[in-house]
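Below you'll find the structure, written out as structure tokens, and then a few comments.
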Amino acid sequence: MPRPAGWERFRPPAHGAPVPPCTPPVSFCFTRTALSLNSASGRRSSGLLRFPPPRFARSNSSASQPAHVHGGDVSHSRPSSLHELVTLLWAPSVCLSSGDGQIRAQGLDGFYTHDYRVLSGLEVEVADAVVEPVGCQLQHPASAVFTSRVRLDGDEGADPSVVLHRYRTVGQDGLKERLELVNYGDTPVTAALRVRAGTDLAPVHVVRGGRQEPHVDAQPVAGGACWAGAAQEVLLTADPVPARMTPEDSDVMLSFTFDLAPEQSAGVTLRAVARNNDPEAAERTFLSVSPRVPPVLAPRTGAAEPRDPLRRRLLQTSLRDLERMLLADPLEPADSFLAAGSPWYFTLFGRDALWSASLLMPGAQRLALGTLRTLQRRQGERHDAVAEEEPGKILHEVRRETLRLDDMVIPPRYFGTIDATMLWVRLLHSTWQTGVAEAEIEPLLPGLLAALEWITAYGDSDGDGFIEYRSSTRGGLANQGWKDTPGAVRWADGRRPASPLALCEVQGYAYAAATQGAALLDAFGLPGADHWREWAARLQQRFRAAFWIDDATGVYPAIALDAAKRPVDGAASNMAHLLGTGLLDSAEAELVARRLSRPDLDCGYGLRTLSSTSRAFNPHTYHCGSVWPHDTAIAVLGLAAEGHHAVAHSLAEGVVTAAEQFGFRLPELYAGTSAHDGEPVLAYPNACRPQAWAAAGAVAIIGYLESRNSTSADSESGDHPGLLTAVPESRHR
């Protein structure tokens, strides 16, 4: 292929080694097979190409807002938090940028796919012009338009005559961006558009940890550039081809000139496609769900949209985001599940996927079955202390490669979770209860038997009759409930309890798994049902004797039992997960509901993870006082199941109120500030958004609130039919 004009400044090193070739695709397509690249050396830059200094400034200015773009100089703010960035996604890909559309080579900005940042810089300027960002419109979870006014040199009018639109779309494995200049003036103009692109090909855990990797050297191709690393390759092409391409350090500058008549527009389309270079990771690389597959989430036939505009927007936004967070099992692409969330968790997380599907029931049968099957295929079969794998155990997460953080080393298949196995049994039971054909349930019964066996054989590690955890590997998670940060479980005085810990909610999950598992065994003619019912009854008695504590606010279940079997005092949201499991009797459920209703836990924007009376309380921490929407949704459904609708309604409305502050795209968590004291809703700056169980929790909350508007008998009982239809099981198997 002929090289485009302007590439002559890219020269090989003195020893004359050729530039490794990258072959562009014939056409761009958002599919896994759209690109075939000739692999380069597979190493990071080793001096193959020598570049002049960069022309785009890389400022670390502390200014709070992006400044105008002046010619070859781009001034910008400090690296942004996730909360401040615009997120476009189609799992497993996501693009993070500033509100002006610039993807700057700093902080978290970038285009990511399959746990790698494949573009860390995509900056646009117009030569000899001032570019003034004026707005961003999110059109869809995967697309947005960024608009700027362009004041060209010599444009003396009050308002610039040229406008730049950046139409950005994230596909399943690629990024497409149309840059379009529009001349609204009455005289012809010439605009020189320049695009600087580069990448560090950094793994997401490196980016998340704040480490800056050097950029990989660009390699020229016709109409663009290619970057190649050991695990990923990415190709960037432009249509039309650039008039000139020049190096900028390891990056590339693409230059275009457009002559615009009055009321004329012109521009260029950029396309970036990535390819995985590690064939051994194929089984751990989850696929995008094909658009040809029938949707697994659909509104229930006859279900009216909420009349309340806040509820309606929250529901619509959440359902759209959920559709774009679906992933397919590479071992059986007809089975889909919800990735945990953007941008760090576009993979399989057992607990998150199970709770997300559960919160969308009873109408998400296909999603539930896909989630159950995907996890059963990876159910524990052996003893592996490093991976914390045990026979029958449901895994915690799957990654393409070992995750190495400062204080943790997580293998690609990691089982460090105490609750996912029991949540799997519960989802299987609720799926069966919706009337799914027995033929769909029967292949899952071996997984049920193995999961039940795990509960007593391995879940109760010290034989005291409670389910507890202690990490068996030095590099694993210290806390293995859903609150899994090191300081998530605290005594009322702020101390951290010693492990092994028996969390209160885990005992509720175990009770429900045993009784619901017994119902499945009976229904399918399998032995052992009586054993599990008897075991559950003994657990209930032990829990009643060991977990209940009191303080000045009343009687409630402790957060956990510590290593010495002492109840960890202090109120937390954990107790809400007991509701609806069957572990509590009606009087005990009323005590829990009463405790949850107090303003130290119900802050007016949802349920705090930890009471404000705790010494460790901080509303701006991850697990010690923040509000997690999924946590509140679980509480709402549990309260409704026990008939405590006043408390459920208060918590549910609090989340709806908070959602407006986030554009109705609920984050993973937000600060547990007090609406009762007039405090505003505040973000947790680096919360993932969207997050699957937050979005699923929103759907569950809206479903509950809408059911309470109904006069049906169902709403009086606390049950509700949900907002999703039971989509028939796909035959594409």
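Residues in the structure tokens are named by chain (A, B, ... in the order shown) and by number from 1 within that chain; ligands are numbered from 1 in the order shown.
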9 Å contact set for Leu449 (chain A), only C-alpha atoms, chain neighbours under 4 positions out, as a list in words: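 What passes the distance filter is Gly392, Leu445, Glu453, Trp454, Gly517 and Leu521 of chain A.
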Near region 320-330 of chain A, 10 Å: region 369-464 of chain A residue rows, closest pairs, only C-alpha atoms, as CSV:
residue,atom,partner,partner_atom,distance
A:Gly370,CA,A:Asp329,CA,8.4
A:Thr371,CA,A:Asp329,CA,9.1
A:Arg373,CA,A:Asp329,CA,9.1
A:Thr374,CA,A:Asp329,CA,6.3
A:Leu375,CA,A:Asp329,CA,9.5
A:Arg377,CA,A:Asp329,CA,9.7
Store the residues of this selection in a file with C-alpha atoms, as a CSV table (one decimal), in the first residue's frame.
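Dumped everything to again.csv:
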chain,number,residue,atom,x,y,z
A,370,GLY,CA,-27.8,-17.7,31.4
A,371,THR,CA,-26.2,-16.5,34.7
A,373,ARG,CA,-25.3,-21.9,33.5
A,374,THR,CA,-22.3,-19.6,33.0
A,375,LEU,CA,-21.4,-20.0,36.7
A,377,ARG,CA,-19.6,-24.3,34.0
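Nearest residue to Ser336 (chain A), choosing from A:Leu403, A:Ala274, A:Leu579, A:Ala353 and counting only C-alpha atoms: A:Ala353.
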Determine, counting only C-alpha atoms, which protein, DNA and RNA residues have an atom within 9 Å of an atom of Pro411 (chain A); residues of the same chain fewer than 5 positions away are not included. Present the result as a count of residues only. 8
Find the spatial neighbours of Leu591 (chain A), counting only C-alpha atoms, within a cut-off of 9 Å - ignore same-chain residues fewer than 3 positions away - and output them as JSON, numbers by chain. {"A": [554, 555, 556, 586, 587, 588, 594, 595, 596]}
Taking into account only C-alpha atoms, which residue in the set A:Leu179, A:Leu405, A:Leu314, A:Ala457 is nearest to Phe258 (chain A)? A:Leu179
Can you list, as a PyMOL selection string, every residue of region 220-462 of chain A that DSSP puts in strand (DSSP E)? chain A and resi 220-221+224-228+232-239+244-248+251-260+265-276+287-288+326-329+332-338+397-398+403-404+409-410+413-414
List the neighbours of region 139-143 of chain A out to 8 Å using only C-alpha atoms; skip same-chain residues closer than 4 positions along the sequence, and give me the result as a ChimeraX atom specification. /A:87-90,167-171,320-321,324
Residue with smallest distance to Glu440 (chain A) - pool A:Leu610, A:Val656, A:Val409, A:Leu369, counting only C-alpha atoms: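 Comparing A:Leu610, A:Val656, A:Val409, A:Leu369 against Glu440 (chain A), the winner is A:Leu369.
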Tell me which protein, DNA and RNA residues are within 7 Å of Glu390 (chain A), counting only C-alpha atoms, leaving out same-chain ones fewer than 3 positions away, and put them as a PyMOL selection string. chain A and resi 380-384+393
Could you write those residues out with N, CA and C atoms, as a short mmCIF file (atom, residue, chain, number, x, y, z; two decimals), in the first residue's frame?
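Printed below is selection.cif as written:
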data_model
loop_
_atom_site.label_atom_id
_atom_site.label_comp_id
_atom_site.auth_asym_id
_atom_site.auth_seq_id
_atom_site.Cartn_x
_atom_site.Cartn_y
_atom_site.Cartn_z
N GLY A 380 -16.52 -24.72 41.30
CA GLY A 380 -15.32 -25.35 41.83
C GLY A 380 -15.36 -26.86 41.75
N GLU A 381 -14.20 -27.46 41.41
CA GLU A 381 -14.10 -28.91 41.29
C GLU A 381 -12.98 -29.49 42.13
N ARG A 382 -12.05 -28.67 42.58
CA ARG A 382 -10.87 -29.19 43.28
C ARG A 382 -10.48 -28.23 44.39
N HIS A 383 -9.43 -28.60 45.10
CA HIS A 383 -8.89 -27.74 46.16
C HIS A 383 -7.70 -26.97 45.59
N ASP A 384 -7.78 -25.66 45.64
CA ASP A 384 -6.70 -24.80 45.16
C ASP A 384 -6.63 -23.62 46.12
N LYS A 393 -18.08 -24.81 45.01
CA LYS A 393 -18.11 -23.37 45.27
C LYS A 393 -18.32 -22.59 43.99
#
